[in-house]
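As provided, model30.tsv (TSV, C-alpha atoms) reads as follows.
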```tsv
chain	number	residue	atom	x	y	z
A	113	MET	CA	-78.08	-81.20	49.11
A	114	TRP	CA	-76.66	-77.85	50.08
A	115	LEU	CA	-74.04	-77.75	47.34
A	116	PRO	CA	-76.42	-76.95	44.44
A	117	LEU	CA	-78.05	-74.25	46.50
A	118	LEU	CA	-74.65	-72.81	47.31
A	119	GLY	CA	-73.80	-72.89	43.62
A	120	LEU	CA	-77.01	-71.08	42.81
A	121	LEU	CA	-76.28	-68.43	45.42
A	122	ILE	CA	-72.71	-67.93	44.22
A	123	GLY	CA	-73.93	-67.66	40.64
A	124	ILE	CA	-76.50	-65.04	41.62
A	125	VAL	CA	-73.88	-63.08	43.55
A	126	ILE	CA	-71.45	-63.16	40.63
A	127	GLY	CA	-74.17	-62.15	38.20
A	128	SER	CA	-75.18	-59.25	40.44
A	129	ALA	CA	-71.63	-58.16	41.14
A	130	LEU	CA	-70.53	-58.13	37.51
A	131	TYR	CA	-72.29	-55.67	35.37
A	132	ILE	CA	-72.85	-57.30	32.01
A	133	PRO	CA	-74.79	-55.02	29.74
A	134	ILE	CA	-77.04	-56.94	27.39
A	135	PRO	CA	-78.41	-54.95	24.47
A	136	GLY	CA	-82.17	-54.71	24.48
A	137	ALA	CA	-82.41	-56.61	21.22
A	138	PHE	CA	-80.67	-59.64	22.80
A	139	ALA	CA	-82.63	-59.64	26.01
A	140	LYS	CA	-85.23	-61.84	24.35
A	141	TYR	CA	-82.68	-64.48	23.36
A	142	LEU	CA	-81.16	-64.43	26.78
A	143	SER	CA	-84.56	-65.03	28.30
A	144	VAL	CA	-85.07	-68.09	26.10
A	145	ALA	CA	-81.60	-69.31	27.03
A	146	VAL	CA	-82.46	-68.92	30.70
A	147	LEU	CA	-85.63	-70.89	30.16
A	148	ALA	CA	-83.68	-73.64	28.45
A	149	SER	CA	-81.18	-73.71	31.30
A	150	LEU	CA	-83.98	-73.98	33.82
A	151	ASP	CA	-85.36	-76.89	31.87
A	152	SER	CA	-81.97	-78.59	31.83
A	153	VAL	CA	-81.52	-78.10	35.55
A	154	PHE	CA	-84.90	-79.56	36.34
A	155	GLY	CA	-84.20	-82.38	33.93
A	156	GLY	CA	-81.01	-83.04	35.84
A	157	LEU	CA	-82.86	-83.08	39.15
A	158	LYS	CA	-85.37	-85.46	37.68
A	159	SER	CA	-82.66	-87.80	36.50
A	160	ILE	CA	-81.07	-87.72	39.94
A	161	LEU	CA	-84.35	-88.77	41.45
A	162	GLU	CA	-84.85	-91.40	38.78
A	163	ASP	CA	-81.35	-92.71	39.41
A	164	ASN	CA	-80.18	-92.38	35.82
A	165	PHE	CA	-78.15	-89.23	36.25
A	166	ASP	CA	-75.30	-88.50	33.87
A	167	GLY	CA	-73.18	-85.41	34.48
A	168	THR	CA	-72.08	-85.18	30.85
A	169	ILE	CA	-75.62	-85.22	29.57
A	170	LEU	CA	-76.60	-82.56	32.06
A	171	LEU	CA	-73.73	-80.22	31.21
A	172	THR	CA	-73.94	-80.68	27.46
A	173	GLY	CA	-77.71	-80.39	27.60
A	174	PHE	CA	-77.42	-77.27	29.65
A	175	PHE	CA	-75.15	-75.48	27.22
A	176	THR	CA	-76.56	-76.76	23.96
A	177	ASN	CA	-80.15	-76.20	25.00
A	178	ALA	CA	-79.41	-72.67	26.06
A	179	LEU	CA	-77.38	-71.84	22.99
A	180	LEU	CA	-79.71	-73.55	20.57
A	181	ALA	CA	-82.74	-71.90	22.10
A	182	ALA	CA	-81.11	-68.49	21.76
A	183	LEU	CA	-79.91	-69.24	18.24
A	184	LEU	CA	-83.28	-70.56	17.14
A	185	ALA	CA	-85.01	-67.53	18.53
A	186	TYR	CA	-82.52	-65.34	16.69
A	187	LEU	CA	-82.95	-67.29	13.48
A	188	GLY	CA	-86.71	-67.08	13.87
A	189	ASP	CA	-86.45	-63.34	14.15
A	190	ARG	CA	-84.31	-63.21	11.01
A	191	LEU	CA	-86.75	-65.41	9.13
A	192	GLY	CA	-89.83	-63.68	10.43
A	193	VAL	CA	-91.06	-66.79	12.22
A	194	ASP	CA	-91.69	-66.63	15.91
A	195	LEU	CA	-89.46	-69.56	16.81
A	196	TYR	CA	-88.99	-67.74	20.06
A	197	LEU	CA	-92.53	-68.68	21.00
A	198	ALA	CA	-91.88	-72.29	19.98
A	199	ALA	CA	-88.87	-72.41	22.29
A	200	VAL	CA	-90.85	-70.86	25.12
A	201	PHE	CA	-93.62	-73.36	24.56
A	202	ALA	CA	-91.38	-76.40	24.24
A	203	PHE	CA	-89.20	-75.60	27.22
A	204	GLY	CA	-92.16	-74.42	29.25
A	205	VAL	CA	-94.01	-77.69	28.70
A	206	ARG	CA	-90.90	-79.73	29.45
A	207	LEU	CA	-90.25	-77.67	32.52
A	208	PHE	CA	-93.67	-78.43	33.90
A	209	GLN	CA	-93.37	-82.08	32.97
A	210	ASN	CA	-90.03	-82.31	34.73
A	211	LEU	CA	-91.46	-80.53	37.73
A	212	ALA	CA	-94.38	-82.91	37.82
A	213	ILE	CA	-92.08	-85.93	37.63
A	214	ILE	CA	-89.85	-84.47	40.35
A	215	ARG	CA	-92.90	-83.95	42.50
A	216	ARG	CA	-94.07	-87.50	42.00
A	217	GLU	CA	-90.62	-88.91	42.67
A	218	VAL	CA	-90.22	-86.92	45.83
A	219	LEU	CA	-93.68	-87.83	46.95
A	220	ALA	CA	-93.09	-91.48	46.11
A	221	GLY	CA	-89.79	-91.47	47.97
A	222	TRP	CA	-91.43	-89.91	50.96
A	223	LEU	CA	-94.31	-92.38	50.91
A	224	LYS	CA	-91.91	-95.26	50.52
A	225	LYS	CA	-89.99	-94.18	53.56
A	226	ARG	CA	-93.18	-93.88	55.51
A	227	TYR	CA	-94.50	-97.24	54.48
A	228	LEU	CA	-91.17	-98.89	55.09
A	229	ALA	CA	-91.23	-97.42	58.51
A	230	ALA	CA	-94.70	-98.86	58.92
A	231	ALA	CA	-93.41	-102.16	57.58
A	232	ARG	CA	-95.84	-102.16	54.75
A	233	GLU	CA	-94.50	-102.64	51.27
A	234	ASP	CA	-97.65	-103.05	49.27
A	235	LYS	CA	-97.62	-99.40	48.16
A	236	ASN	CA	-94.05	-99.53	46.93
A	237	GLY	CA	-93.54	-98.16	43.42
A	238	GLN	CA	-96.92	-96.56	43.15
A	239	CYS	CA	-96.77	-93.20	41.48
B	210	MET	CA	-72.65	-91.69	48.83
B	211	ASP	CA	-71.13	-92.72	45.56
B	212	ASN	CA	-74.26	-91.65	43.81
B	213	VAL	CA	-74.10	-88.25	45.46
B	214	LYS	CA	-70.47	-87.76	44.47
B	215	LYS	CA	-71.34	-88.54	40.91
B	216	TRP	CA	-73.81	-85.74	40.49
B	217	ARG	CA	-72.41	-83.19	42.91
B	218	ILE	CA	-69.96	-81.41	40.62
B	219	PRO	CA	-72.06	-81.16	37.42
B	220	VAL	CA	-75.11	-80.04	39.38
B	221	PHE	CA	-73.01	-77.46	41.22
B	222	ILE	CA	-71.71	-76.12	37.93
B	223	THR	CA	-75.11	-76.00	36.31
B	224	PHE	CA	-76.66	-74.32	39.33
B	225	LEU	CA	-73.84	-71.81	39.41
B	226	LEU	CA	-74.38	-70.98	35.77
B	227	LEU	CA	-78.12	-70.92	36.21
B	228	GLY	CA	-77.82	-68.47	39.09
B	229	PHE	CA	-75.50	-66.34	37.02
B	230	LEU	CA	-77.81	-66.37	34.01
B	231	LEU	CA	-80.85	-65.70	36.17
B	232	SER	CA	-79.36	-62.64	37.83
B	233	VAL	CA	-78.04	-61.26	34.54
B	234	GLN	CA	-81.39	-61.83	32.88
B	235	PHE	CA	-83.16	-60.29	35.86
B	236	ARG	CA	-81.08	-57.15	35.60
B	237	THR	CA	-81.44	-56.97	31.87
B	238	GLN	CA	-85.17	-57.31	32.22
B	239	GLN	CA	-85.24	-54.51	34.77
B	240	ILE	CA	-83.37	-52.25	32.37
B	241	PHE	CA	-85.56	-53.44	29.53
B	242	LEU	CA	-88.72	-52.58	31.42
B	243	SER	CA	-87.53	-49.12	32.26
B	244	ASP	CA	-86.44	-48.37	28.70
B	245	LEU	CA	-89.24	-46.62	26.82
B	246	SER	CA	-87.93	-47.35	23.34
B	247	LEU	CA	-88.20	-51.10	24.00
B	248	GLN	CA	-91.76	-51.02	25.29
B	249	LYS	CA	-94.68	-52.48	23.41
B	250	THR	CA	-96.80	-50.03	21.48
B	251	ASP	CA	-99.89	-50.96	23.49
B	252	ASP	CA	-98.07	-50.31	26.72
B	253	LEU	CA	-96.79	-47.01	25.41
B	254	VAL	CA	-100.26	-45.99	24.33
B	255	LEU	CA	-101.60	-46.91	27.74
B	256	MET	CA	-98.78	-45.03	29.40
B	257	LEU	CA	-99.42	-42.03	27.18
B	258	LYS	CA	-103.08	-42.10	28.04
B	259	LYS	CA	-102.34	-42.34	31.73
B	260	LEU	CA	-99.90	-39.47	31.54
B	261	HIS	CA	-102.39	-37.50	29.52
B	262	ASP	CA	-105.05	-38.07	32.15
B	263	LYS	CA	-102.62	-37.19	34.87
B	264	ARG	CA	-101.70	-34.03	33.05
B	265	ALA	CA	-105.34	-33.06	32.62
B	266	GLU	CA	-105.85	-33.69	36.32
B	267	LEU	CA	-102.88	-31.57	37.23
B	268	THR	CA	-103.98	-28.81	34.88
B	269	LYS	CA	-107.35	-28.84	36.56
B	270	GLU	CA	-105.72	-28.73	39.95
B	271	LEU	CA	-103.53	-25.89	38.81
B	272	SER	CA	-106.48	-23.87	37.61
B	273	GLU	CA	-108.28	-24.55	40.88
B	274	LEU	CA	-105.28	-23.43	42.86
B	275	GLU	CA	-104.97	-20.35	40.69
B	276	LYS	CA	-108.60	-19.61	41.38
B	277	GLN	CA	-107.93	-20.04	45.07
B	278	GLN	CA	-104.97	-17.72	44.86
B	279	HIS	CA	-107.15	-15.23	43.10
B	280	THR	CA	-109.70	-15.45	45.90
B	281	PHE	CA	-106.98	-15.01	48.49
B	282	ASN	CA	-105.66	-11.99	46.65
B	283	ALA	CA	-109.15	-10.57	46.44
B	284	ASP	CA	-109.57	-11.22	50.16
B	285	ALA	CA	-106.30	-9.47	50.87
B	286	ASN	CA	-107.43	-6.56	48.73
B	287	ALA	CA	-110.75	-6.52	50.54
B	288	GLY	CA	-108.84	-6.44	53.82
B	289	GLU	CA	-106.76	-3.55	52.60
B	290	THR	CA	-109.85	-1.72	51.41
B	291	LEU	CA	-111.46	-2.33	54.78
B	292	ILE	CA	-108.44	-0.97	56.62
B	293	LYS	CA	-108.36	2.03	54.30
B	294	GLY	CA	-112.07	2.59	54.91
B	295	LEU	CA	-111.59	2.30	58.66
B	296	ARG	CA	-108.70	4.74	58.55
B	297	GLN	CA	-110.76	7.20	56.56
B	298	ASP	CA	-113.63	6.73	58.95
B	299	TYR	CA	-111.34	7.26	61.92
B	300	GLN	CA	-109.96	10.41	60.34
B	301	ARG	CA	-113.46	11.71	59.69
B	302	GLN	CA	-114.42	11.07	63.30
B	303	GLN	CA	-111.32	12.85	64.50
B	304	ILE	CA	-112.07	15.79	62.24
B	305	ALA	CA	-115.65	15.88	63.45
B	306	LEU	CA	-114.49	15.81	67.05
B	307	GLY	CA	-112.01	18.60	66.34
B	308	LEU	CA	-108.94	16.53	67.07
B	309	LEU	CA	-107.31	17.29	63.72
B	310	PRO	CA	-106.51	20.65	62.14
B	311	VAL	CA	-108.95	21.31	59.32
B	312	GLN	CA	-109.39	23.74	56.49
B	313	GLY	CA	-112.14	24.71	54.12
B	314	PRO	CA	-114.38	27.56	53.02
B	315	GLY	CA	-116.33	29.47	55.62
B	316	ILE	CA	-116.78	32.77	57.37
B	317	THR	CA	-115.14	34.77	60.12
B	318	ILE	CA	-117.11	36.83	62.62
B	319	THR	CA	-115.06	39.53	64.27
B	320	ILE	CA	-116.37	41.25	67.38
B	321	ASN	CA	-114.39	44.40	68.13
B	322	THR	CA	-115.92	45.52	71.35
B	323	ASP	CA	-116.24	43.73	74.61
B	324	SER	CA	-118.49	46.24	76.27
B	325	SER	CA	-121.80	44.52	75.95
B	326	VAL	CA	-120.89	40.98	74.97
B	327	VAL	CA	-121.86	38.35	77.49
B	328	TYR	CA	-121.00	34.68	77.30
B	329	LEU	CA	-124.55	33.87	76.21
B	330	ASP	CA	-124.04	35.98	73.09
B	331	LEU	CA	-121.07	33.88	72.17
B	332	VAL	CA	-123.03	30.72	72.87
B	333	ASP	CA	-125.87	32.08	70.71
B	334	ILE	CA	-123.52	32.78	67.84
B	335	ILE	CA	-121.96	29.32	68.11
B	336	ASN	CA	-125.38	27.68	68.34
B	337	GLU	CA	-126.56	29.59	65.31
B	338	LEU	CA	-123.46	28.52	63.38
B	339	TRP	CA	-124.00	24.88	64.30
B	340	ALA	CA	-127.63	25.25	63.31
B	341	SER	CA	-126.49	26.64	59.95
B	342	GLN	CA	-124.56	23.43	59.46
B	343	ALA	CA	-121.13	24.69	60.31
B	344	GLU	CA	-118.73	21.77	60.30
B	345	ALA	CA	-116.05	23.22	62.53
B	346	ILE	CA	-115.92	26.31	64.71
B	347	ALA	CA	-113.05	28.01	66.49
B	348	VAL	CA	-113.09	31.01	68.79
B	349	ASN	CA	-109.79	32.92	68.79
B	350	ASP	CA	-108.14	29.85	67.31
B	351	GLN	CA	-109.57	27.53	69.93
B	352	ARG	CA	-111.66	24.72	68.48
B	353	VAL	CA	-115.17	24.34	69.75
B	354	THR	CA	-115.62	20.70	70.68
B	355	PRO	CA	-118.38	18.74	72.42
B	356	TRP	CA	-116.59	19.35	75.74
B	357	THR	CA	-116.10	23.06	75.25
B	358	TYR	CA	-117.39	25.30	78.03
B	359	ILE	CA	-117.90	29.04	77.96
B	360	PHE	CA	-118.56	31.12	81.02
B	361	TRP	CA	-118.05	34.51	82.62
B	362	SER	CA	-115.25	34.50	85.09
B	363	LYS	CA	-115.82	36.78	87.99
B	364	GLN	CA	-112.24	36.40	89.09
B	365	ASN	CA	-110.72	37.52	85.81
B	366	LEU	CA	-113.67	39.69	84.89
B	367	SER	CA	-113.56	38.20	81.45
B	368	LEU	CA	-115.15	35.63	79.21
B	369	MET	CA	-113.53	32.24	79.49
B	370	MET	CA	-113.58	29.36	77.08
B	371	ASN	CA	-112.07	26.02	78.10
B	372	GLY	CA	-110.35	27.87	80.90
B	373	VAL	CA	-108.69	30.31	78.50
B	374	GLU	CA	-109.59	33.99	78.47
B	375	ILE	CA	-111.30	35.24	75.34
B	376	THR	CA	-109.64	38.49	74.37
B	377	PHE	CA	-111.18	41.11	72.14
B	378	PRO	CA	-111.26	41.69	69.26
B	379	CYS	CA	-112.60	38.19	69.15
B	380	THR	CA	-112.68	36.22	65.93
B	381	ILE	CA	-114.98	33.30	65.44
B	382	LYS	CA	-114.12	31.11	62.51
B	383	ALA	CA	-116.61	28.66	61.09
B	384	ILE	CA	-116.12	26.21	58.23
B	385	GLY	CA	-119.18	25.37	56.19
B	386	ASN	CA	-121.19	26.79	53.32
B	387	PRO	CA	-120.38	30.53	53.64
B	388	ASP	CA	-123.76	31.64	52.23
B	389	GLN	CA	-125.68	29.39	54.55
B	390	LEU	CA	-123.64	30.38	57.58
B	391	GLU	CA	-123.97	34.09	56.92
B	392	SER	CA	-127.66	33.97	56.17
B	393	GLY	CA	-128.17	31.98	59.34
B	394	LEU	CA	-126.58	34.74	61.34
B	395	ARG	CA	-128.42	37.49	59.49
B	396	LEU	CA	-131.89	36.00	59.99
B	397	LEU	CA	-134.52	38.52	60.83
B	398	GLY	CA	-134.77	38.56	64.60
B	399	GLY	CA	-131.71	36.37	64.74
B	400	VAL	CA	-128.40	36.65	66.52
B	401	LEU	CA	-127.13	39.76	64.79
B	402	ASP	CA	-130.40	41.58	65.33
B	403	HIS	CA	-130.26	40.64	68.95
B	404	LEU	CA	-126.68	41.93	69.26
B	405	ALA	CA	-127.56	45.10	67.42
B	406	VAL	CA	-129.91	45.90	70.31
B	407	TYR	CA	-126.80	46.08	72.49
B	408	LYS	CA	-124.88	48.07	69.90
B	409	VAL	CA	-122.64	45.20	69.02
B	410	TYR	CA	-121.99	44.91	65.32
B	411	PRO	CA	-119.84	41.91	64.44
B	412	VAL	CA	-118.06	42.01	61.10
B	413	ILE	CA	-118.74	38.99	58.92
B	414	LYS	CA	-116.30	38.03	56.18
B	415	ARG	CA	-116.40	35.16	53.77
B	416	HIS	CA	-113.28	33.13	53.07
B	417	GLN	CA	-112.38	30.59	50.46
B	418	ASN	CA	-110.00	28.79	52.75
B	419	LEU	CA	-109.96	28.97	56.50
B	420	GLU	CA	-107.60	27.03	58.70
B	421	LEU	CA	-108.77	25.83	62.09
B	422	PRO	CA	-106.40	24.32	64.68
B	423	ALA	CA	-106.90	21.01	66.45
B	424	ALA	CA	-108.17	20.66	69.99
B	425	SER	CA	-106.44	18.42	72.51
B	426	PRO	CA	-108.28	15.13	73.03
B	427	PRO	CA	-110.42	14.71	76.13
B	428	GLU	CA	-109.34	12.49	78.94
B	429	ILE	CA	-111.53	9.41	79.04
B	430	ARG	CA	-111.57	7.44	82.25
B	431	TYR	CA	-115.14	6.41	83.00
B	432	LEU	CA	-116.57	6.35	79.55
B	433	LYS	CA	-117.31	3.00	78.02
B	434	GLY	CA	-118.79	2.01	74.69
B	435	GLU	CA	-121.92	-0.08	74.76
B	436	ASN	CA	-120.15	-3.06	73.23
B	437	ASN	CA	-116.87	-2.59	75.01
B	438	ASP	CA	-116.05	-5.28	77.51
```
Would you encode the structure as structure tokens?
Amino acid sequence: MWLPLLGLLIGIVIGSALYIPIPGAFAKYLSVAVLASLDSVFGGLKSILEDNFDGTILLTGFFTNALLAALLAYLGDRLGVDLYLAAVFAFGVRLFQNLAIIRREVLAGWLKKRYLAAAREDKNGQC
Amino acid sequence: MDNVKKWRIPVFITFLLLGFLLSVQFRTQQIFLSDLSLQKTDDLVLMLKKLHDKRAELTKELSELEKQQHTFNADANAGETLIKGLRQDYQRQQIALGLLPVQGPGITITINTDSSVVYLDLVDIINELWASQAEAIAVNDQRVTPWTYIFWSKQNLSLMMNGVEITFPCTIKAIGNPDQLESGLRLLGGVLDHLAVYKVYPVIKRHQNLELPAASPPEIRYLKGENND
């Protein structure tokens, strides 16, 4: 449980320690990429909770989502279509969906534990 | 445990990268927000308006402060004027009291003989000069002040003024309007007529510029002003 948090902390420290100048024009794409990464991470958490986790899917999803989001946003800018907004919308919606599922899973797990402790199994599996 | 092992490494990596991306993006966004050329036009317009308002406010404040400074300067000037006025006033009082040497047009009255002159004659002449609006009087270069006393000294057998003997020929100097002073003395039945009875004929001369010395100030020990604490 503590390992992901440690990873997050280390990543933040590295990012703060290294100065990586991003040109203003690319800040937008980076923001979409970050959004995509967030979505992937929450998707990963969801899959852990749903017991169908696959490390390969998570890692590939993480990179491809981020890159594709950035690329699509860039392409959209070139074409004069605000694909950037589409990416924000899509990943935003998925993010909230993932969060909702995570919440339900956690809640369900917690309830299950409680009911098991109370030796009552009739609520098992309820979302 | 197996399950945990399975996801530990990928999740660690993704979280690491996510943290990295987040902090980089955070910093970029900070820079982005502080860079004017990357701001939205609306924001810039709003900013411009705010700065404009601020500037107007500051300009107003500046003008108010300038006004205040002006007032202070005026006050300082008023203070200076007051001090100047007080100084002038003080000087006038000193002149009036005979504490400063003075000069101005006036007349001299020279009495050559001492045979028949009594101290009252001198007092009469001085009174007449004051009455003729003399502004300063001196007898033998001694200023006549409010605390001047003239008497006949039996010891010295001479006229005394402020404790100093009046020697003859005696010259009385008076500053004022020469015409007025002389006509005052020459009034019919006046001082000169009175002296003429005793065969005393003072010589009166007019002068454009007479110089009268200062008297020493009186010693004040008991005197108090009405408002003095």
Give me, as a PDB file with C-alpha atoms, in the frame of the given file, the contact residues of chain B against chain A at a cut-off of 9 Å, counting only C-alpha atoms.
```
ATOM      1  CA  ASN B 212     -74.260 -91.650  43.810  1.00  0.00           C
ATOM      2  CA  VAL B 213     -74.100 -88.250  45.460  1.00  0.00           C
ATOM      3  CA  LYS B 215     -71.340 -88.540  40.910  1.00  0.00           C
ATOM      4  CA  TRP B 216     -73.810 -85.740  40.490  1.00  0.00           C
ATOM      5  CA  ARG B 217     -72.410 -83.190  42.910  1.00  0.00           C
ATOM      6  CA  ILE B 218     -69.960 -81.410  40.620  1.00  0.00           C
ATOM      7  CA  PRO B 219     -72.060 -81.160  37.420  1.00  0.00           C
ATOM      8  CA  VAL B 220     -75.110 -80.040  39.380  1.00  0.00           C
ATOM      9  CA  PHE B 221     -73.010 -77.460  41.220  1.00  0.00           C
ATOM     10  CA  ILE B 222     -71.710 -76.120  37.930  1.00  0.00           C
ATOM     11  CA  THR B 223     -75.110 -76.000  36.310  1.00  0.00           C
ATOM     12  CA  PHE B 224     -76.660 -74.320  39.330  1.00  0.00           C
ATOM     13  CA  LEU B 225     -73.840 -71.810  39.410  1.00  0.00           C
ATOM     14  CA  LEU B 226     -74.380 -70.980  35.770  1.00  0.00           C
ATOM     15  CA  LEU B 227     -78.120 -70.920  36.210  1.00  0.00           C
ATOM     16  CA  GLY B 228     -77.820 -68.470  39.090  1.00  0.00           C
ATOM     17  CA  PHE B 229     -75.500 -66.340  37.020  1.00  0.00           C
ATOM     18  CA  LEU B 230     -77.810 -66.370  34.010  1.00  0.00           C
ATOM     19  CA  LEU B 231     -80.850 -65.700  36.170  1.00  0.00           C
ATOM     20  CA  SER B 232     -79.360 -62.640  37.830  1.00  0.00           C
ATOM     21  CA  VAL B 233     -78.040 -61.260  34.540  1.00  0.00           C
ATOM     22  CA  GLN B 234     -81.390 -61.830  32.880  1.00  0.00           C
ATOM     23  CA  ARG B 236     -81.080 -57.150  35.600  1.00  0.00           C
ATOM     24  CA  THR B 237     -81.440 -56.970  31.870  1.00  0.00           C
ATOM     25  CA  GLN B 238     -85.170 -57.310  32.220  1.00  0.00           C
ATOM     26  CA  ILE B 240     -83.370 -52.250  32.370  1.00  0.00           C
ATOM     27  CA  PHE B 241     -85.560 -53.440  29.530  1.00  0.00           C
ATOM     28  CA  ASP B 244     -86.440 -48.370  28.700  1.00  0.00           C
ATOM     29  CA  LEU B 247     -88.200 -51.100  24.000  1.00  0.00           C
TER      30      LEU B 247
END
```
Write out as a Markdown table the residues of segment 325-377 of chain B that have any atom within 8 Å of an atom of segment 396-418 of chain B, one row each with the nearest atom pair and its distance in Å to one decimal, counting all atoms listed in the file, sorted by chain and then rising number.
```
| residue | atom | partner | partner_atom | distance |
| --- | --- | --- | --- | --- |
| B:Ser325 | CA | B:Tyr407 | CA | 6.3 |
| B:Val326 | CA | B:Val409 | CA | 7.5 |
| B:Asp330 | CA | B:Leu404 | CA | 7.6 |
| B:Asp333 | CA | B:Val400 | CA | 6.7 |
| B:Ile334 | CA | B:Val400 | CA | 6.4 |
| B:Glu337 | CA | B:Val400 | CA | 7.4 |
```
Review point. Could you work out how far atom CA of Ala178 of chain A lies from atom CA of Arg206 of chain A, giving the answer in Å with one decimal?
Key: 13.9 Å
Practice item. For Ser367 of chain B, work out the shell of residues within 10 Å, counting all atoms listed in the file and skipping chain neighbours fewer than 4 positions away, then give it as a PyMOL selection string. Key: chain B and resi 323+327-328+360-363+373-376
Write the residues of the preceding selection, restricted to C-alpha atoms, as a compact mmCIF listing (two decimals), in the coordinates of the input.
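Now in selection_30.txt:
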```txt
# COMPACT_ATOMS: atom_id res chain seq x y z
CA ASP B 323 -116.24 43.73 74.61
CA VAL B 327 -121.86 38.35 77.49
CA TYR B 328 -121.00 34.68 77.30
CA PHE B 360 -118.56 31.12 81.02
CA TRP B 361 -118.05 34.51 82.62
CA SER B 362 -115.25 34.50 85.09
CA LYS B 363 -115.82 36.78 87.99
CA VAL B 373 -108.69 30.31 78.50
CA GLU B 374 -109.59 33.99 78.47
CA ILE B 375 -111.30 35.24 75.34
CA THR B 376 -109.64 38.49 74.37
```
Exercise for review: Considering only C-alpha atoms, return as an NGL selection string whatever protein or nucleic-acid residues lie within 10 Å of segment 210-219 of chain A, sequence-local ones (same chain, fewer than 2 positions apart) excluded.
Suggested key: :A and (151-162 or 204-208 or 221-225 or 237-239)
Output for the residues just chosen: C-alpha atoms as a PDB file, in the coordinates of the input:
```
ATOM      1  CA  ASP A 151     -85.360 -76.890  31.870  1.00  0.00           C
ATOM      2  CA  SER A 152     -81.970 -78.590  31.830  1.00  0.00           C
ATOM      3  CA  VAL A 153     -81.520 -78.100  35.550  1.00  0.00           C
ATOM      4  CA  PHE A 154     -84.900 -79.560  36.340  1.00  0.00           C
ATOM      5  CA  GLY A 155     -84.200 -82.380  33.930  1.00  0.00           C
ATOM      6  CA  GLY A 156     -81.010 -83.040  35.840  1.00  0.00           C
ATOM      7  CA  LEU A 157     -82.860 -83.080  39.150  1.00  0.00           C
ATOM      8  CA  LYS A 158     -85.370 -85.460  37.680  1.00  0.00           C
ATOM      9  CA  SER A 159     -82.660 -87.800  36.500  1.00  0.00           C
ATOM     10  CA  ILE A 160     -81.070 -87.720  39.940  1.00  0.00           C
ATOM     11  CA  LEU A 161     -84.350 -88.770  41.450  1.00  0.00           C
ATOM     12  CA  GLU A 162     -84.850 -91.400  38.780  1.00  0.00           C
ATOM     13  CA  GLY A 204     -92.160 -74.420  29.250  1.00  0.00           C
ATOM     14  CA  VAL A 205     -94.010 -77.690  28.700  1.00  0.00           C
ATOM     15  CA  ARG A 206     -90.900 -79.730  29.450  1.00  0.00           C
ATOM     16  CA  LEU A 207     -90.250 -77.670  32.520  1.00  0.00           C
ATOM     17  CA  PHE A 208     -93.670 -78.430  33.900  1.00  0.00           C
ATOM     18  CA  GLY A 221     -89.790 -91.470  47.970  1.00  0.00           C
ATOM     19  CA  TRP A 222     -91.430 -89.910  50.960  1.00  0.00           C
ATOM     20  CA  LEU A 223     -94.310 -92.380  50.910  1.00  0.00           C
ATOM     21  CA  LYS A 224     -91.910 -95.260  50.520  1.00  0.00           C
ATOM     22  CA  LYS A 225     -89.990 -94.180  53.560  1.00  0.00           C
ATOM     23  CA  GLY A 237     -93.540 -98.160  43.420  1.00  0.00           C
ATOM     24  CA  GLN A 238     -96.920 -96.560  43.150  1.00  0.00           C
ATOM     25  CA  CYS A 239     -96.770 -93.200  41.480  1.00  0.00           C
TER      26      CYS A 239
END
```
Point to revise | Contacts of Gly315 of chain B at 10 Å (all atoms listed in the file; same-chain gap of 6+ positions) as a ChimeraX atom specification | key: /B:343-346,382-391,414-420
Would you compute the box with edges along x, y and z of the file around segment 325-332 of chain B, including every atom the file lists for it and 6 Å extra on each side, and give its centre and edge lengths in Å to one decimal, as JSON?
```
{"center_x": -122.7, "center_y": 37.6, "center_z": 74.8, "size_x": 15.7, "size_y": 25.8, "size_z": 17.3}
```
Point to revise | Nearest to Phe201 of chain A by atom-to-atom distance, counting only C-alpha atoms, from A:Ala181, A:Thr176, A:Ala220, A:Leu228 | key: A:Ala181
Practice item. One decimal, Å: what's the distance from atom CA of Gln303 of chain B over to atom CA of Leu331 of chain B, could you say? Key: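 Computing the Euclidean distance for atom CA of Gln303 of chain B and atom CA of Leu331 of chain B yields 24.4 Å.
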**Study point:** Straight-line distance linking atom CA of Thr250 of chain B with atom CA of Asp194 of chain A, stated in Å to one decimal
**Key:**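 So the answer is 18.2 Å.
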Kindly provide the residues of segment 352-413 of chain B that approach segment 426-432 of chain B to within 12 Å, each paired with its closest atom pair and their distance in Å to one decimal, based on all atoms listed in the file, listed by chain and increasing number, as CSV.
```
residue,atom,partner,partner_atom,distance
B:Arg352,CA,B:Pro426,CA,11.1
B:Val353,CA,B:Pro426,CA,12.0
B:Thr354,CA,B:Pro426,CA,9.5
B:Pro355,CA,B:Pro427,CA,9.7
B:Trp356,CA,B:Pro427,CA,7.7
B:Thr357,CA,B:Pro427,CA,10.1
B:Asn371,CA,B:Pro427,CA,11.6
```
Take segment 405-416 of chain B from the block and save it with C-alpha atoms, as a compact mmCIF listing (two decimals), in the first residue's frame.
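Ended up saving to selection37.txt:
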```txt
# COMPACT_ATOMS: atom_id res chain seq x y z
CA ALA B 405 11.68 133.44 28.16
CA VAL B 406 10.28 134.91 31.38
CA TYR B 407 13.42 133.59 33.07
CA LYS B 408 15.66 134.81 30.27
CA VAL B 409 16.33 131.35 29.00
CA TYR B 410 16.32 131.12 25.25
CA PRO B 411 16.86 127.58 23.98
CA VAL B 412 18.08 127.20 20.42
CA ILE B 413 15.91 124.93 18.31
CA LYS B 414 17.34 123.27 15.21
CA ARG B 415 15.72 120.91 12.78
CA HIS B 416 17.57 117.83 11.59
```
